[in-house]
$ cat my_file33.txt   # compact mmCIF, N, CA and C atoms and all ligand atoms
# COMPACT_ATOMS: atom_id res chain seq x y z
N MET A 1 22.17 3.52 48.62
CA MET A 1 21.67 3.53 47.24
C MET A 1 22.82 3.19 46.30
N PRO A 2 22.74 2.06 45.56
CA PRO A 2 23.86 1.72 44.66
C PRO A 2 23.89 2.62 43.45
N LEU A 3 25.09 2.93 43.04
CA LEU A 3 25.27 3.77 41.86
C LEU A 3 26.06 3.01 40.81
N PRO A 4 25.81 3.24 39.52
CA PRO A 4 26.62 2.58 38.48
C PRO A 4 28.06 3.02 38.57
N LYS A 5 28.96 2.02 38.42
CA LYS A 5 30.39 2.30 38.58
C LYS A 5 30.90 3.17 37.43
N ARG A 6 30.42 2.82 36.20
CA ARG A 6 30.86 3.58 35.02
C ARG A 6 29.65 3.99 34.18
N GLN A 7 29.87 5.02 33.41
CA GLN A 7 28.83 5.44 32.48
C GLN A 7 28.76 4.46 31.32
N HIS A 8 27.53 4.06 30.94
CA HIS A 8 27.37 3.16 29.79
C HIS A 8 27.75 3.89 28.51
N SER A 9 28.32 3.13 27.57
CA SER A 9 28.67 3.72 26.28
C SER A 9 27.40 4.02 25.48
N HIS A 10 27.50 4.89 24.51
CA HIS A 10 26.34 5.19 23.65
C HIS A 10 25.90 3.94 22.90
N ALA A 11 26.86 3.11 22.50
CA ALA A 11 26.53 1.88 21.76
C ALA A 11 25.71 0.95 22.64
N ARG A 12 26.10 0.84 23.91
CA ARG A 12 25.39 -0.05 24.81
C ARG A 12 23.95 0.45 25.05
N THR A 13 23.80 1.75 25.20
CA THR A 13 22.47 2.35 25.37
C THR A 13 21.62 2.13 24.11
N ALA A 14 22.25 2.34 22.93
CA ALA A 14 21.53 2.18 21.66
C ALA A 14 21.11 0.73 21.47
N ARG A 15 21.99 -0.23 21.86
CA ARG A 15 21.66 -1.64 21.72
C ARG A 15 20.47 -2.00 22.60
N ARG A 16 20.46 -1.49 23.83
CA ARG A 16 19.36 -1.78 24.74
C ARG A 16 18.05 -1.21 24.17
N ARG A 17 18.13 0.01 23.62
CA ARG A 17 16.92 0.64 23.09
C ARG A 17 16.45 -0.06 21.82
N ALA A 18 17.39 -0.51 20.99
CA ALA A 18 17.03 -1.15 19.71
C ALA A 18 16.32 -2.48 19.95
N ALA A 19 16.61 -3.13 21.06
CA ALA A 19 15.98 -4.43 21.34
C ALA A 19 14.48 -4.28 21.53
N ASN A 20 14.00 -3.09 21.89
CA ASN A 20 12.57 -2.87 22.13
C ASN A 20 11.89 -2.20 20.94
N PHE A 21 12.65 -1.95 19.88
CA PHE A 21 12.09 -1.27 18.73
C PHE A 21 11.62 -2.29 17.71
N LYS A 22 10.37 -2.14 17.24
CA LYS A 22 9.84 -3.10 16.28
C LYS A 22 8.94 -2.35 15.30
N LEU A 23 9.15 -2.58 14.01
CA LEU A 23 8.28 -2.01 12.99
C LEU A 23 7.03 -2.87 12.87
N THR A 24 5.90 -2.23 12.59
CA THR A 24 4.67 -3.00 12.40
C THR A 24 4.41 -3.12 10.89
N LEU A 25 4.07 -4.34 10.48
CA LEU A 25 3.79 -4.59 9.07
C LEU A 25 2.37 -4.13 8.74
N PRO A 26 2.14 -3.62 7.52
CA PRO A 26 0.77 -3.30 7.12
C PRO A 26 -0.04 -4.58 6.98
N ASN A 27 -1.34 -4.48 7.24
CA ASN A 27 -2.23 -5.64 7.23
C ASN A 27 -2.57 -6.01 5.78
N VAL A 28 -1.66 -6.74 5.13
CA VAL A 28 -1.83 -7.13 3.73
C VAL A 28 -2.50 -8.49 3.67
N GLN A 29 -3.57 -8.59 2.88
CA GLN A 29 -4.28 -9.86 2.72
C GLN A 29 -4.59 -10.06 1.24
N PRO A 30 -4.75 -11.34 0.81
CA PRO A 30 -5.06 -11.56 -0.61
C PRO A 30 -6.49 -11.12 -0.93
N CYS A 31 -6.64 -10.56 -2.13
CA CYS A 31 -7.96 -10.12 -2.59
C CYS A 31 -8.82 -11.36 -2.82
N PRO A 32 -10.07 -11.40 -2.33
CA PRO A 32 -10.91 -12.58 -2.52
C PRO A 32 -11.28 -12.82 -3.99
N ARG A 33 -11.16 -11.80 -4.83
CA ARG A 33 -11.56 -11.93 -6.23
C ARG A 33 -10.38 -12.31 -7.12
N CYS A 34 -9.28 -11.53 -7.04
CA CYS A 34 -8.15 -11.78 -7.95
C CYS A 34 -6.93 -12.30 -7.21
N HIS A 35 -6.99 -12.41 -5.88
CA HIS A 35 -5.93 -12.98 -5.04
C HIS A 35 -4.64 -12.16 -5.07
N ALA A 36 -4.71 -10.92 -5.55
CA ALA A 36 -3.55 -10.04 -5.47
C ALA A 36 -3.45 -9.48 -4.05
N PRO A 37 -2.25 -9.23 -3.56
CA PRO A 37 -2.14 -8.69 -2.19
C PRO A 37 -2.74 -7.29 -2.12
N LYS A 38 -3.55 -7.07 -1.10
CA LYS A 38 -4.19 -5.77 -0.91
C LYS A 38 -4.30 -5.49 0.58
N LEU A 39 -4.47 -4.21 0.93
CA LEU A 39 -4.65 -3.83 2.33
C LEU A 39 -6.06 -4.21 2.77
N ALA A 40 -6.20 -4.67 4.00
CA ALA A 40 -7.51 -5.03 4.53
C ALA A 40 -8.39 -3.79 4.62
N HIS A 41 -9.66 -3.95 4.31
CA HIS A 41 -10.67 -2.87 4.35
C HIS A 41 -10.35 -1.77 3.34
N HIS A 42 -9.64 -2.12 2.25
CA HIS A 42 -9.33 -1.15 1.20
C HIS A 42 -9.76 -1.74 -0.14
N VAL A 43 -10.00 -0.87 -1.10
CA VAL A 43 -10.32 -1.31 -2.45
C VAL A 43 -9.09 -1.99 -3.04
N CYS A 44 -9.30 -3.10 -3.74
CA CYS A 44 -8.18 -3.80 -4.37
C CYS A 44 -7.63 -2.93 -5.50
N PRO A 45 -6.33 -2.58 -5.47
CA PRO A 45 -5.79 -1.75 -6.55
C PRO A 45 -5.62 -2.51 -7.86
N ASP A 46 -5.73 -3.85 -7.81
CA ASP A 46 -5.52 -4.64 -9.01
C ASP A 46 -6.80 -4.81 -9.82
N CYS A 47 -7.93 -5.10 -9.15
CA CYS A 47 -9.18 -5.31 -9.88
C CYS A 47 -10.22 -4.23 -9.58
N GLY A 48 -9.99 -3.38 -8.57
CA GLY A 48 -10.90 -2.28 -8.27
C GLY A 48 -12.18 -2.71 -7.58
N PHE A 49 -12.20 -3.91 -7.00
CA PHE A 49 -13.40 -4.40 -6.34
C PHE A 49 -13.31 -4.22 -4.83
N TYR A 50 -14.46 -3.98 -4.20
CA TYR A 50 -14.57 -3.98 -2.75
C TYR A 50 -15.95 -4.50 -2.40
N ASN A 51 -16.01 -5.47 -1.53
CA ASN A 51 -17.29 -6.06 -1.08
C ASN A 51 -18.06 -6.62 -2.28
N ASN A 52 -17.36 -7.34 -3.19
CA ASN A 52 -17.94 -7.95 -4.39
C ASN A 52 -18.61 -6.92 -5.31
N ARG A 53 -18.11 -5.70 -5.31
CA ARG A 53 -18.72 -4.64 -6.09
C ARG A 53 -17.58 -3.84 -6.72
N MET A 54 -17.72 -3.50 -8.03
CA MET A 54 -16.67 -2.71 -8.66
C MET A 54 -16.77 -1.26 -8.19
N VAL A 55 -15.74 -0.79 -7.55
CA VAL A 55 -15.73 0.57 -7.00
C VAL A 55 -14.84 1.46 -7.85
N LEU A 56 -13.74 0.88 -8.34
CA LEU A 56 -12.77 1.64 -9.14
C LEU A 56 -12.74 1.08 -10.55
N ASP A 57 -12.78 1.94 -11.55
CA ASP A 57 -12.60 1.47 -12.92
C ASP A 57 -11.11 1.44 -13.21
N VAL A 58 -10.49 0.30 -12.87
CA VAL A 58 -9.03 0.20 -12.96
C VAL A 58 -8.57 0.26 -14.41
N GLN A 59 -9.36 -0.34 -15.32
CA GLN A 59 -8.95 -0.35 -16.73
C GLN A 59 -8.95 1.05 -17.30
N ALA A 60 -9.96 1.87 -16.93
CA ALA A 60 -10.00 3.25 -17.41
C ALA A 60 -8.82 4.03 -16.87
N ARG A 61 -8.45 3.75 -15.62
CA ARG A 61 -7.31 4.44 -15.01
C ARG A 61 -6.01 4.06 -15.74
N ARG A 62 -5.89 2.76 -16.09
CA ARG A 62 -4.68 2.32 -16.80
C ARG A 62 -4.60 2.98 -18.18
N ARG A 63 -5.78 3.04 -18.85
CA ARG A 63 -5.81 3.67 -20.18
C ARG A 63 -5.39 5.14 -20.07
N ARG A 64 -5.86 5.81 -19.00
CA ARG A 64 -5.53 7.22 -18.81
C ARG A 64 -4.02 7.39 -18.59
N GLN A 65 -3.43 6.44 -17.85
CA GLN A 65 -2.00 6.55 -17.58
C GLN A 65 -1.17 6.27 -18.82
N GLU A 66 -1.69 5.40 -19.71
CA GLU A 66 -0.93 5.05 -20.91
C GLU A 66 -0.91 6.20 -21.92
N THR A 67 -2.04 6.94 -22.03
CA THR A 67 -2.09 8.04 -22.99
C THR A 67 -1.26 9.21 -22.45
N PRO A 68 -0.38 9.78 -23.30
CA PRO A 68 0.44 10.91 -22.85
C PRO A 68 -0.40 12.15 -22.57
N GLU A 69 0.13 13.05 -21.71
CA GLU A 69 -0.61 14.27 -21.34
C GLU A 69 -0.83 15.15 -22.57
N GLY A 70 -2.01 15.73 -22.63
CA GLY A 70 -2.31 16.66 -23.71
C GLY A 70 -2.88 15.97 -24.93
N GLU A 71 -2.62 14.68 -25.06
CA GLU A 71 -3.11 13.97 -26.24
C GLU A 71 -4.48 13.37 -25.94
N ALA A 72 -5.47 13.66 -26.75
CA ALA A 72 -6.82 13.14 -26.52
C ALA A 72 -6.87 11.64 -26.85
N PRO A 73 -7.54 10.84 -26.01
CA PRO A 73 -7.64 9.42 -26.32
C PRO A 73 -8.50 9.18 -27.55
N ALA A 74 -8.28 8.05 -28.21
CA ALA A 74 -9.00 7.72 -29.44
C ALA A 74 -10.48 7.69 -29.17
N GLN A 75 -11.27 8.37 -30.01
CA GLN A 75 -12.70 8.46 -29.78
C GLN A 75 -13.38 7.17 -30.22
N GLY A 76 -14.45 6.81 -29.50
CA GLY A 76 -15.20 5.61 -29.84
C GLY A 76 -14.68 4.39 -29.11
N ALA A 77 -13.38 4.17 -29.15
CA ALA A 77 -12.81 2.99 -28.53
C ALA A 77 -12.87 3.07 -27.01
N ALA A 78 -12.65 4.28 -26.46
CA ALA A 78 -12.58 4.43 -25.00
C ALA A 78 -13.92 4.83 -24.39
N ALA A 79 -14.98 4.91 -25.22
CA ALA A 79 -16.26 5.35 -24.69
C ALA A 79 -16.93 4.23 -23.90
N THR A 80 -17.16 4.46 -22.61
CA THR A 80 -17.83 3.48 -21.77
C THR A 80 -18.95 4.19 -21.05
N GLY A 81 -20.15 3.64 -21.14
CA GLY A 81 -21.29 4.26 -20.49
C GLY A 81 -21.39 3.82 -19.03
N GLU A 82 -21.52 4.78 -18.13
CA GLU A 82 -21.65 4.47 -16.71
C GLU A 82 -22.79 5.24 -16.08
ZN ZN B 101 -8.56 -7.81 -6.60

$ encode --input "my_file33.txt" --output "structure tokens"
Amino acid sequence: MPLPKRQHSHARTARRRAANFKLTLPNVQPCPRCHAPKLAHHVCPDCGFYNNRMVLDVQARRRRQETPEGEAPAQGAAATGE
């Protein structure tokens, strides 16, 4: 039974192991509506559409983020019936 003459260095072991290590990229595809990059089978974060249907009110979310906490948004202008 042959035996290794010398012990491999840690660097050599790490190099061998690193050659088999690979990160997987997320499945990013362009949105069919606005062509912004989005994850497959996910709602588009840019336009809020999924399957040609508005699922997320992105504009309302942006308005909410713009208004500071505790301050009530302007009445009348932000009223949207759903
Ligand atoms: Zn989109």

$ residues_around --input "my_file33.txt" --residues "Arg33 of chain A" --least-positions-apart "4" --cutoff "8 Å" --atoms "all atoms listed in the file" --output "list in words"
Cys47, Phe49 and Asn52 of chain A

$ write_last_selection --input "my_file33.txt" --atoms "N, CA and C atoms" --output "short mmCIF file (atom, residue, chain, number, x, y, z; two decimals), in the coordinates of the input"
data_model
loop_
_atom_site.label_atom_id
_atom_site.label_comp_id
_atom_site.auth_asym_id
_atom_site.auth_seq_id
_atom_site.Cartn_x
_atom_site.Cartn_y
_atom_site.Cartn_z
N CYS A 47 -7.93 -5.10 -9.15
CA CYS A 47 -9.18 -5.31 -9.88
C CYS A 47 -10.22 -4.23 -9.58
N PHE A 49 -12.20 -3.91 -7.00
CA PHE A 49 -13.40 -4.40 -6.34
C PHE A 49 -13.31 -4.22 -4.83
N ASN A 52 -17.36 -7.34 -3.19
CA ASN A 52 -17.94 -7.95 -4.39
C ASN A 52 -18.61 -6.92 -5.31
#

$ select_by_dssp --input "my_file33.txt" --residues "chain A" --states "alpha helix (DSSP H)" --output "list in words"
His10, Ala11, Arg12, Thr13, Ala14, Arg15, Arg16, Arg17, Ala18, Val58, Gln59, Ala60, Arg61, Arg62, Arg63, Arg64, Gln65 and Glu66 of chain A

$ residues_near_ligand --input "my_file33.txt" --ligand "ligand ZN 101 (chain B)" --cutoff "12 Å" --atoms "only C-alpha atoms and all ligand atoms" --output "NGL selection string"
:A and (29-40 or 42-58)

$ select_by_dssp --input "my_file33.txt" --residues "chain A" --states "strand (DSSP E)" --output "VMD selection string"
chain A and resid 28 to 30 37 to 39 49 to 50 53 to 54

$ atom_distance --input "my_file33.txt" --atom1 "atom CA of Val28 of chain A" --atom2 "atom CA of Glu66 of chain A"
27.5 Å

$ atom_distance --input "my_file33.txt" --atom1 "atom C of Thr24 of chain A" --atom2 "atom CA of His10 of chain A"
26.7 Å
